[in-house]
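Q: Below is a structure I'd like to ask you about.
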Amino acid sequence: QQQVRQSSQSLTVWEGETAILNCSYENSAFDYFPWYQQFPGEGPALLIAIRSVSDKKEDGRFTIFFNKREKNLSLHIKDSQPGDSATYFCAARGGNYQLIWGSGTKLIIKP
Amino acid sequence: DPKIIQKPKYLVAVTGSEKILICEQYLGHNAMYWYRQSAKKPLEFMFSYSYQKLMDNQTASSRFQPQSSKKNHLDLQITALKPDDSATYFCASSQEGLGGIGQLYFGEGSKLTVL
């Protein structure tokens with residue numbers, strides 16, 4: 001049973017478009033949702049995160065939209081650039097403070 | 001300079017042998033973790049340690065044994081290696097607080113290939 005689900009294994013968008021990566025979860029007790037970005041040959045790195053008390057978190061070109069009622073969230077990457085090509089992991093913090101990870105979405109930005 | 005050092009970066013082993021993956025973190029964090037990444041499971045949590053004590057173990061096999069000799073070290077010993085153990089193993093750390101785990105910082109990984 002996958003508690004955090006990323007709907008797309010891969011996503012391709014053109015440079016300059018907005019890339020939208022989706023994530024859903026099952027446990028309404030999850031309270032913190034980070035997105036990690038991973039480039040080939042490197043470990044994942046925190047990109048942006050949101051707490052369940054908020055419905056939006058913005059950091060430059062990256063925005064998380066969070067819907068607590070529907071138990072889903074999405075990461076929007078505005079004006080996407082080839083350097084944004086990476087794998088993006090959605091995660092959720094559970095009651096024991098451990099992170100539950102999604103399976104990742106590989107984003108390809110075509111120039 | 002990398003703040004989490006993993007050694008070796010690449011290693012090849014034969015089935016049945018034993019290997020130790022080294023991890024040292026210089027972030028002053030009190031929690032350390034091991035994760036595994038392969039084509040089958042993109043990011044799989046294995047162990048978490050806090051103040052050198054095991055907090056969580058999600059690895060079914062006892063062939064995987066973490067070892068913490070110092071506060072900023074968490075090595076991973078893998079015995080009786082199998083081809084299925086081929087993966088990239090990531091060490092991570094975080095600063096635990098009242099709100100639970102903070103941001104995870106990952107090393108660059110150790111890519112293990114078992115022949």
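Identifiers in this document derive from the order of the structure tokens: chains are assigned A, B, ..., residues are numbered from 1 separately in each chain, and ligands are numbered from 1 in order of occurrence.
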If the cut-off is 10 Å, can you tell me the residues of chain A near chain B, counting only C-alpha atoms? I'd like them as a short mmCIF file (atom, residue, chain, number, x, y, z; two decimals) with N, CA and C atoms, in the first residue's frame.
A:
data_model
loop_
_atom_site.label_atom_id
_atom_site.label_comp_id
_atom_site.auth_asym_id
_atom_site.auth_seq_id
_atom_site.Cartn_x
_atom_site.Cartn_y
_atom_site.Cartn_z
N PRO A 34 7.51 17.85 2.20
CA PRO A 34 8.64 18.41 1.45
C PRO A 34 8.72 17.83 0.05
N TYR A 36 11.70 17.00 -2.71
CA TYR A 36 13.14 16.89 -2.88
C TYR A 36 13.45 16.78 -4.37
N PRO A 40 21.03 13.48 -11.51
CA PRO A 40 21.78 12.21 -11.68
C PRO A 40 23.14 12.27 -11.00
N GLY A 41 23.47 11.20 -10.29
CA GLY A 41 24.77 11.12 -9.63
C GLY A 41 24.85 11.86 -8.32
N GLU A 42 23.73 12.43 -7.87
CA GLU A 42 23.72 13.17 -6.60
C GLU A 42 22.62 12.63 -5.69
N GLY A 43 22.71 12.99 -4.42
CA GLY A 43 21.62 12.66 -3.51
C GLY A 43 20.50 13.67 -3.64
N PRO A 44 19.31 13.32 -3.16
CA PRO A 44 18.21 14.29 -3.19
C PRO A 44 18.52 15.49 -2.31
N ALA A 45 17.93 16.64 -2.66
CA ALA A 45 18.12 17.86 -1.88
C ALA A 45 16.77 18.54 -1.72
N LEU A 46 16.52 19.06 -0.54
CA LEU A 46 15.24 19.73 -0.28
C LEU A 46 15.07 20.93 -1.21
N ALA A 49 9.01 23.08 0.84
CA ALA A 49 8.15 22.27 1.70
C ALA A 49 6.96 23.09 2.17
N THR A 87 14.78 14.43 -11.08
CA THR A 87 13.71 13.63 -10.48
C THR A 87 13.23 14.34 -9.23
N PHE A 89 10.88 14.16 -5.81
CA PHE A 89 10.22 13.28 -4.86
C PHE A 89 9.31 14.10 -3.95
N ARG A 93 5.38 13.72 6.20
CA ARG A 93 5.84 13.34 7.54
C ARG A 93 4.68 12.72 8.30
N GLY A 94 4.96 11.51 8.83
CA GLY A 94 3.93 10.78 9.54
C GLY A 94 3.99 11.02 11.04
N GLY A 95 3.16 10.28 11.75
CA GLY A 95 3.03 10.48 13.19
C GLY A 95 4.29 10.15 13.97
N ASN A 96 5.10 9.26 13.46
CA ASN A 96 6.34 8.92 14.15
C ASN A 96 7.49 9.80 13.67
N TYR A 97 7.15 10.87 12.97
CA TYR A 97 8.11 11.86 12.46
C TYR A 97 9.01 11.32 11.36
N GLN A 98 8.75 10.12 10.86
CA GLN A 98 9.51 9.64 9.72
C GLN A 98 8.86 10.12 8.43
N LEU A 99 9.69 10.25 7.41
CA LEU A 99 9.17 10.66 6.10
C LEU A 99 8.71 9.45 5.30
N ILE A 100 7.55 9.59 4.67
CA ILE A 100 7.04 8.60 3.73
C ILE A 100 7.26 9.17 2.34
N TRP A 101 7.93 8.42 1.48
CA TRP A 101 8.33 8.95 0.18
C TRP A 101 7.46 8.44 -0.96
N GLY A 102 7.21 9.32 -1.92
CA GLY A 102 6.61 8.90 -3.17
C GLY A 102 7.68 8.26 -4.05
N SER A 103 7.25 7.76 -5.19
CA SER A 103 8.17 7.02 -6.05
C SER A 103 8.92 7.91 -7.03
N GLY A 104 8.64 9.20 -7.02
CA GLY A 104 9.40 10.14 -7.83
C GLY A 104 8.82 10.37 -9.21
N THR A 105 9.02 11.58 -9.72
CA THR A 105 8.65 11.94 -11.09
C THR A 105 9.89 12.47 -11.78
#
Q: Please return as number ranges by chain: the residues of region 14-82 of chain B that backbone DSSP assigns to strand (DSSP E).
A: B: 19-25, 31-37, 44-50, 53-57, 64-67, 75-78
Q: Kindly give the distance, in Å, that separates CA of Ser68 (chain B) and CA of Gln95 (chain B), rounded to a single decimal.
A: 16.7 Å
Q: Fewer than 4 positions away in the same chain doesn't count, so skip those; otherwise give me all residues within 8 Å of Ser17 (chain B), counting only C-alpha atoms, as a PyMOL selection string.
A: chain B and resi 13+79-81
